[in-house]
Amino acid sequence: MSINQFPKFIKDHCEIHEWRHALAILRQDFMSEYNDICDVLTRFQLKKSWITIGGGRKSKVADWIDCELFQKGWKPKNFDTKITVDDKEMISPTHEVDCFKNRVALEIEWNNKDPFFDRDLNNFRLLFDLRAISVGVIITRCDELQEIFDNLGRGASYGASTTHMSKLLPRIQGGGGAGCPLLVFGIRRNLYEENC
């Protein structure tokens, strides 16, 4: 299924990539979760105030997306995972997923160090292999936003070693998510609101 199936607003305002038929799985098997993601992305605006004021532990972008999804029944999720071979049990720890609902895992990587992508992709791979998730989704920022950050005097905070699309795609193309179907959204500069 082509990414052209997304609503026009999302196609026009997000850079979208998919692997292993993630969109077809999401739309056919998880329509409610697909609709939740589309609704949140359609209402998202990148506010100038969210960039000029430091985010602390969590960015205002991630906080807004989290809150919107939580209102729709998504929640952070830790998985208690272990593998048993004969009578020997081995703990297989995973990292908490930012937002989870009905076998769909979603991570928001707005301005973390780029190795967080490795953590997310490995987590998706393991959870998919253990049949705990069916699709992994990552929302990040497009490289083109760097010019806005630089113009606002915040470019150093959004450096080359932080999470953005050109740091994510090579990891996925190199097999970082293994067999897990993946859907990636990059926030583009036309979502930026100068007066907010």
# chains A, B, ... in the order shown; residues from 1 in each chain; ligands from 1
>>> select_by_dssp(residues="region 117-149 of chain A", states="alpha helix (DSSP H)", output="JSON, numbers by chain")
{"A": [117, 118, 119, 120, 121, 122, 123, 124, 125, 126, 127, 128, 129, 146, 147, 148, 149]}
>>> write_last_selection(atoms="N, CA, C and O atoms", output="PDB file, in the first residue's frame")
ATOM      1  N   PHE A 117      17.855   6.220  18.340  1.00  0.00           N
ATOM      2  CA  PHE A 117      17.252   5.502  17.220  1.00  0.00           C
ATOM      3  C   PHE A 117      17.632   4.020  17.251  1.00  0.00           C
ATOM      4  O   PHE A 117      16.807   3.157  16.977  1.00  0.00           O
ATOM      5  N   ASP A 118      18.903   3.733  17.583  1.00  0.00           N
ATOM      6  CA  ASP A 118      19.341   2.333  17.680  1.00  0.00           C
ATOM      7  C   ASP A 118      18.543   1.597  18.749  1.00  0.00           C
ATOM      8  O   ASP A 118      18.100   0.463  18.551  1.00  0.00           O
ATOM      9  N   ARG A 119      18.353   2.263  19.878  1.00  0.00           N
ATOM     10  CA  ARG A 119      17.585   1.673  20.977  1.00  0.00           C
ATOM     11  C   ARG A 119      16.154   1.383  20.536  1.00  0.00           C
ATOM     12  O   ARG A 119      15.625   0.304  20.763  1.00  0.00           O
ATOM     13  N   ASP A 120      15.511   2.365  19.881  1.00  0.00           N
ATOM     14  CA  ASP A 120      14.126   2.193  19.444  1.00  0.00           C
ATOM     15  C   ASP A 120      13.991   1.065  18.435  1.00  0.00           C
ATOM     16  O   ASP A 120      13.085   0.226  18.534  1.00  0.00           O
ATOM     17  N   LEU A 121      14.880   1.041  17.446  1.00  0.00           N
ATOM     18  CA  LEU A 121      14.791   0.017  16.403  1.00  0.00           C
ATOM     19  C   LEU A 121      15.059  -1.373  16.965  1.00  0.00           C
ATOM     20  O   LEU A 121      14.388  -2.339  16.600  1.00  0.00           O
ATOM     21  N   ASN A 122      16.020  -1.476  17.861  1.00  0.00           N
ATOM     22  CA  ASN A 122      16.287  -2.768  18.491  1.00  0.00           C
ATOM     23  C   ASN A 122      15.089  -3.219  19.324  1.00  0.00           C
ATOM     24  O   ASN A 122      14.718  -4.395  19.332  1.00  0.00           O
ATOM     25  N   ASN A 123      14.486  -2.271  20.023  1.00  0.00           N
ATOM     26  CA  ASN A 123      13.302  -2.565  20.823  1.00  0.00           C
ATOM     27  C   ASN A 123      12.158  -3.064  19.933  1.00  0.00           C
ATOM     28  O   ASN A 123      11.518  -4.073  20.230  1.00  0.00           O
ATOM     29  N   PHE A 124      11.903  -2.359  18.832  1.00  0.00           N
ATOM     30  CA  PHE A 124      10.862  -2.778  17.893  1.00  0.00           C
ATOM     31  C   PHE A 124      11.166  -4.182  17.359  1.00  0.00           C
ATOM     32  O   PHE A 124      10.282  -5.031  17.258  1.00  0.00           O
ATOM     33  N   ARG A 125      12.425  -4.418  16.969  1.00  0.00           N
ATOM     34  CA  ARG A 125      12.816  -5.723  16.433  1.00  0.00           C
ATOM     35  C   ARG A 125      12.506  -6.833  17.424  1.00  0.00           C
ATOM     36  O   ARG A 125      11.883  -7.833  17.086  1.00  0.00           O
ATOM     37  N   LEU A 126      12.939  -6.643  18.672  1.00  0.00           N
ATOM     38  CA  LEU A 126      12.747  -7.679  19.680  1.00  0.00           C
ATOM     39  C   LEU A 126      11.267  -7.886  19.986  1.00  0.00           C
ATOM     40  O   LEU A 126      10.788  -9.018  20.035  1.00  0.00           O
ATOM     41  N   LEU A 127      10.525  -6.786  20.165  1.00  0.00           N
ATOM     42  CA  LEU A 127       9.102  -6.904  20.486  1.00  0.00           C
ATOM     43  C   LEU A 127       8.316  -7.525  19.334  1.00  0.00           C
ATOM     44  O   LEU A 127       7.372  -8.281  19.553  1.00  0.00           O
ATOM     45  N   PHE A 128       8.719  -7.236  18.107  1.00  0.00           N
ATOM     46  CA  PHE A 128       8.073  -7.871  16.953  1.00  0.00           C
ATOM     47  C   PHE A 128       8.386  -9.365  16.924  1.00  0.00           C
ATOM     48  O   PHE A 128       7.498 -10.202  16.719  1.00  0.00           O
ATOM     49  N   ASP A 129       9.646  -9.710  17.145  1.00  0.00           N
ATOM     50  CA  ASP A 129      10.035 -11.127  17.146  1.00  0.00           C
ATOM     51  C   ASP A 129       9.313 -11.901  18.250  1.00  0.00           C
ATOM     52  O   ASP A 129       8.996 -13.088  18.087  1.00  0.00           O
ATOM     53  N   GLN A 146      16.509  22.538  10.454  1.00  0.00           N
ATOM     54  CA  GLN A 146      17.728  23.085  11.053  1.00  0.00           C
ATOM     55  C   GLN A 146      17.874  24.583  10.770  1.00  0.00           C
ATOM     56  O   GLN A 146      18.324  25.342  11.624  1.00  0.00           O
ATOM     57  N   GLU A 147      17.464  25.012   9.601  1.00  0.00           N
ATOM     58  CA  GLU A 147      17.563  26.436   9.254  1.00  0.00           C
ATOM     59  C   GLU A 147      16.708  27.291  10.207  1.00  0.00           C
ATOM     60  O   GLU A 147      17.124  28.361  10.626  1.00  0.00           O
ATOM     61  N   ILE A 148      15.535  26.792  10.556  1.00  0.00           N
ATOM     62  CA  ILE A 148      14.675  27.514  11.511  1.00  0.00           C
ATOM     63  C   ILE A 148      15.353  27.573  12.873  1.00  0.00           C
ATOM     64  O   ILE A 148      15.407  28.628  13.515  1.00  0.00           O
ATOM     65  N   PHE A 149      15.895  26.447  13.333  1.00  0.00           N
ATOM     66  CA  PHE A 149      16.574  26.419  14.636  1.00  0.00           C
ATOM     67  C   PHE A 149      17.753  27.391  14.643  1.00  0.00           C
ATOM     68  O   PHE A 149      17.958  28.123  15.612  1.00  0.00           O
TER      69      PHE A 149
END
>>> residues_around(residues="Asn78 (chain A)", least_positions_apart="6", cutoff="7 Å", atoms="only C-alpha atoms", output="NGL selection string")
:A and (95-97)
>>> write_last_selection(atoms="C-alpha atoms", output="PDB file, in the first residue's frame")
ATOM      1  CA  HIS A  95      12.978  -0.322  26.838  1.00  0.00           C
ATOM      2  CA  GLU A  96       9.722   1.443  27.647  1.00  0.00           C
ATOM      3  CA  VAL A  97       7.778   2.428  24.518  1.00  0.00           C
TER       4      VAL A  97
END
>>> residues_around(residues="Phe100 (chain A)", least_positions_apart="5", cutoff="6 Å", atoms="only C-alpha atoms", output="mmCIF file with C-alpha atoms, in the first residue's frame")
data_model
loop_
_atom_site.group_PDB
_atom_site.id
_atom_site.type_symbol
_atom_site.label_atom_id
_atom_site.label_comp_id
_atom_site.auth_asym_id
_atom_site.auth_seq_id
_atom_site.Cartn_x
_atom_site.Cartn_y
_atom_site.Cartn_z
ATOM 1 C CA TRP A 74 -2.435 5.126 24.132
ATOM 2 C CA LYS A 75 -0.027 4.759 27.053
ATOM 3 C CA PRO A 76 3.660 4.254 27.849
ATOM 4 C CA ALA A 105 4.298 0.925 19.282
#
>>> residues_around(residues="Arg43 (chain A)", least_positions_apart="6", cutoff="10 Å", atoms="only C-alpha atoms", output="PyMOL selection string")
chain A and resi 9-10+65+68+191
>>> residues_around(residues="Cys38 (chain A)", least_positions_apart="5", cutoff="12 Å", atoms="only C-alpha atoms", output="compact mmCIF listing (two decimals) with all heavy atoms, in the first residue's frame")
# COMPACT_ATOMS: atom_id res chain seq x y z
N GLN A 5 -1.84 6.84 0.32
CA GLN A 5 -3.13 6.59 0.98
C GLN A 5 -3.36 7.51 2.18
O GLN A 5 -4.48 7.60 2.67
CB GLN A 5 -3.20 5.13 1.44
CG GLN A 5 -3.08 4.12 0.32
CD GLN A 5 -4.22 4.22 -0.67
OE1 GLN A 5 -5.37 4.31 -0.28
NE2 GLN A 5 -3.90 4.21 -1.95
N PHE A 6 -2.31 8.18 2.66
CA PHE A 6 -2.48 9.08 3.79
C PHE A 6 -3.29 10.31 3.38
O PHE A 6 -3.30 10.70 2.21
CB PHE A 6 -1.11 9.54 4.32
CG PHE A 6 -0.49 8.56 5.26
CD1 PHE A 6 0.59 7.79 4.86
CD2 PHE A 6 -0.98 8.39 6.55
CE1 PHE A 6 1.17 6.88 5.71
CE2 PHE A 6 -0.41 7.48 7.41
CZ PHE A 6 0.67 6.72 6.99
N PRO A 7 -3.95 10.94 4.35
CA PRO A 7 -4.65 12.20 4.06
C PRO A 7 -3.68 13.23 3.45
O PRO A 7 -2.49 13.24 3.77
CB PRO A 7 -5.14 12.66 5.44
CG PRO A 7 -5.23 11.41 6.25
CD PRO A 7 -4.12 10.53 5.75
N LYS A 8 -4.22 14.08 2.58
CA LYS A 8 -3.39 15.05 1.86
C LYS A 8 -2.58 15.92 2.81
O LYS A 8 -1.41 16.21 2.56
CB LYS A 8 -4.28 15.92 0.97
CG LYS A 8 -3.50 16.90 0.11
CD LYS A 8 -4.42 17.68 -0.80
CE LYS A 8 -3.68 18.57 -1.79
NZ LYS A 8 -2.50 19.25 -1.34
N PHE A 9 -3.18 16.36 3.92
CA PHE A 9 -2.45 17.23 4.84
C PHE A 9 -1.18 16.56 5.33
O PHE A 9 -0.12 17.18 5.40
CB PHE A 9 -3.33 17.61 6.04
CG PHE A 9 -2.66 18.56 6.99
CD1 PHE A 9 -2.76 19.93 6.81
CD2 PHE A 9 -1.89 18.08 8.05
CE1 PHE A 9 -2.12 20.81 7.67
CE2 PHE A 9 -1.26 18.94 8.92
CZ PHE A 9 -1.36 20.31 8.73
N ILE A 10 -1.27 15.30 5.69
CA ILE A 10 -0.10 14.58 6.21
C ILE A 10 0.94 14.40 5.11
O ILE A 10 2.14 14.61 5.33
CB ILE A 10 -0.52 13.23 6.82
CG1 ILE A 10 -1.39 13.48 8.06
CG2 ILE A 10 0.71 12.38 7.18
CD1 ILE A 10 -1.98 12.24 8.69
N LYS A 11 0.52 14.06 3.91
CA LYS A 11 1.46 13.92 2.79
C LYS A 11 2.17 15.23 2.50
O LYS A 11 3.35 15.24 2.17
CB LYS A 11 0.74 13.43 1.53
CG LYS A 11 0.28 12.00 1.61
CD LYS A 11 -0.29 11.53 0.29
CE LYS A 11 -1.54 12.29 -0.07
NZ LYS A 11 -2.18 11.84 -1.31
N HIS A 13 2.72 17.73 4.67
CA HIS A 13 3.42 18.32 5.82
C HIS A 13 4.38 17.38 6.53
O HIS A 13 5.05 17.80 7.48
CB HIS A 13 2.40 18.86 6.82
CG HIS A 13 1.64 20.04 6.30
ND1 HIS A 13 0.54 19.91 5.47
CD2 HIS A 13 1.83 21.37 6.45
CE1 HIS A 13 0.09 21.10 5.16
NE2 HIS A 13 0.85 22.01 5.73
N CYS A 14 4.44 16.13 6.10
CA CYS A 14 5.35 15.16 6.72
C CYS A 14 6.14 14.44 5.64
O CYS A 14 5.62 14.15 4.57
CB CYS A 14 4.58 14.12 7.53
SG CYS A 14 3.73 14.76 8.98
N LEU A 23 2.16 0.37 6.46
CA LEU A 23 0.92 1.11 6.28
C LEU A 23 -0.26 0.18 6.00
O LEU A 23 -1.34 0.35 6.57
CB LEU A 23 1.06 2.14 5.15
CG LEU A 23 -0.18 2.95 4.82
CD1 LEU A 23 -0.73 3.67 6.06
CD2 LEU A 23 0.10 3.95 3.72
N LEU A 26 -1.19 -1.42 9.27
CA LEU A 26 -1.83 -0.45 10.16
C LEU A 26 -3.26 -0.15 9.72
O LEU A 26 -4.19 -0.19 10.52
CB LEU A 26 -0.99 0.83 10.20
CG LEU A 26 -1.28 1.83 11.30
CD1 LEU A 26 -1.08 1.23 12.69
CD2 LEU A 26 -0.37 3.06 11.14
N ARG A 27 -3.45 0.11 8.43
CA ARG A 27 -4.79 0.47 7.93
C ARG A 27 -5.77 -0.70 7.96
O ARG A 27 -6.95 -0.50 8.19
CB ARG A 27 -4.69 1.02 6.51
CG ARG A 27 -4.29 2.48 6.48
CD ARG A 27 -4.31 3.01 5.08
NE ARG A 27 -5.59 2.76 4.43
CZ ARG A 27 -6.30 3.67 3.79
NH1 ARG A 27 -5.87 4.91 3.75
NH2 ARG A 27 -7.43 3.37 3.21
N MET A 31 -7.11 -0.12 12.30
CA MET A 31 -7.71 1.10 11.75
C MET A 31 -7.88 2.19 12.80
O MET A 31 -7.66 3.37 12.54
CB MET A 31 -9.06 0.77 11.10
CG MET A 31 -9.73 1.99 10.47
SD MET A 31 -8.75 2.82 9.21
CE MET A 31 -9.20 1.90 7.77
N SER A 32 -8.27 1.82 14.01
CA SER A 32 -8.45 2.82 15.07
C SER A 32 -7.13 3.52 15.38
O SER A 32 -7.09 4.74 15.53
CB SER A 32 -9.02 2.15 16.33
OG SER A 32 -9.08 3.08 17.38
N GLU A 33 -6.05 2.75 15.47
CA GLU A 33 -4.74 3.33 15.77
C GLU A 33 -4.25 4.18 14.60
O GLU A 33 -3.67 5.25 14.79
CB GLU A 33 -3.74 2.23 16.11
CG GLU A 33 -4.01 1.53 17.42
CD GLU A 33 -5.23 0.60 17.41
OE1 GLU A 33 -5.61 0.08 16.33
OE2 GLU A 33 -5.81 0.40 18.50
N ARG A 43 -3.46 17.67 13.27
CA ARG A 43 -3.65 18.83 14.15
C ARG A 43 -2.35 19.41 14.70
O ARG A 43 -2.35 20.44 15.34
CB ARG A 43 -4.56 18.43 15.33
CG ARG A 43 -5.99 18.15 14.88
CD ARG A 43 -6.93 17.87 16.05
NE ARG A 43 -6.57 16.65 16.78
CZ ARG A 43 -6.03 16.62 17.99
NH1 ARG A 43 -5.78 17.72 18.64
NH2 ARG A 43 -5.75 15.45 18.56
N PHE A 44 -1.23 18.77 14.41
CA PHE A 44 0.06 19.20 14.96
C PHE A 44 0.53 20.51 14.32
O PHE A 44 0.41 20.70 13.11
CB PHE A 44 1.11 18.12 14.74
CG PHE A 44 2.47 18.52 15.24
CD1 PHE A 44 2.79 18.38 16.57
CD2 PHE A 44 3.42 19.05 14.37
CE1 PHE A 44 4.04 18.75 17.04
CE2 PHE A 44 4.66 19.43 14.83
CZ PHE A 44 4.97 19.28 16.17
N ILE A 65 2.44 15.55 21.57
CA ILE A 65 2.04 14.33 20.86
C ILE A 65 1.64 13.25 21.86
O ILE A 65 0.60 12.59 21.70
CB ILE A 65 3.16 13.85 19.92
CG1 ILE A 65 3.37 14.88 18.80
CG2 ILE A 65 2.82 12.48 19.32
CD1 ILE A 65 4.60 14.62 17.94
N GLU A 68 -1.82 14.04 23.39
CA GLU A 68 -2.91 13.82 22.44
C GLU A 68 -3.19 12.33 22.26
O GLU A 68 -4.35 11.91 22.20
CB GLU A 68 -2.58 14.47 21.09
CG GLU A 68 -2.52 15.99 21.13
CD GLU A 68 -3.82 16.62 21.57
OE1 GLU A 68 -4.88 16.25 21.01
OE2 GLU A 68 -3.79 17.48 22.46
N LEU A 69 -2.15 11.53 22.18
CA LEU A 69 -2.35 10.09 22.03
C LEU A 69 -2.89 9.46 23.32
O LEU A 69 -3.74 8.58 23.27
CB LEU A 69 -1.05 9.41 21.60
CG LEU A 69 -0.63 9.67 20.14
CD1 LEU A 69 0.76 9.13 19.88
CD2 LEU A 69 -1.63 9.09 19.15
N PHE A 185 7.58 9.13 10.30
CA PHE A 185 7.09 10.45 9.93
C PHE A 185 8.12 11.50 10.33
O PHE A 185 8.58 11.51 11.47
CB PHE A 185 5.78 10.78 10.66
CG PHE A 185 4.64 9.87 10.33
CD1 PHE A 185 4.36 8.78 11.13
CD2 PHE A 185 3.86 10.10 9.21
CE1 PHE A 185 3.32 7.93 10.84
CE2 PHE A 185 2.81 9.25 8.91
CZ PHE A 185 2.53 8.17 9.72
>>> residues_around(residues="region 163-171 of chain A", least_positions_apart="6", cutoff="12 Å", atoms="only C-alpha atoms", output="ChimeraX atom specification")
/A:14-19,107-122,138-146,157,177-178,182-188
>>> select_by_dssp(residues="region 84-182 of chain A", states="strand (DSSP E)", output="list in words")
Thr84, Val85, Lys88, Glu89, Met90, Ile91, Val97, Asp98, Cys99, Phe100, Lys101, Val104, Ala105, Leu106, Glu107, Ile108, Val135, Gly136, Val137, Ile138, Ile139, Thr140, Arg141 and Leu182 of chain A
>>> closest_residue(among="A:Leu152, A:Cys196, A:Ile83, A:Ile25", to="Arg103 (chain A)", atoms="only C-alpha atoms")
A:Ile25
>>> atom_distance(atom1="CA of His21 (chain A)", atom2="CA of Phe79 (chain A)")
24.4 Å
>>> closest_residue(among="A:Gly159, A:Arg20, A:Lys47, A:Ala132", to="Lys77 (chain A)", atoms="only C-alpha atoms")
A:Ala132
>>> atom_distance(atom1="CA of Gly179 (chain A)", atom2="CA of Val104 (chain A)")
14.8 Å
>>> closest_residue(among="A:Leu46, A:Ala160, A:Ala62, A:Leu41", to="Asn195 (chain A)", atoms="only C-alpha atoms")
A:Leu46
>>> atom_distance(atom1="CA of Gly175 (chain A)", atom2="CA of Ala22 (chain A)")
15.1 Å
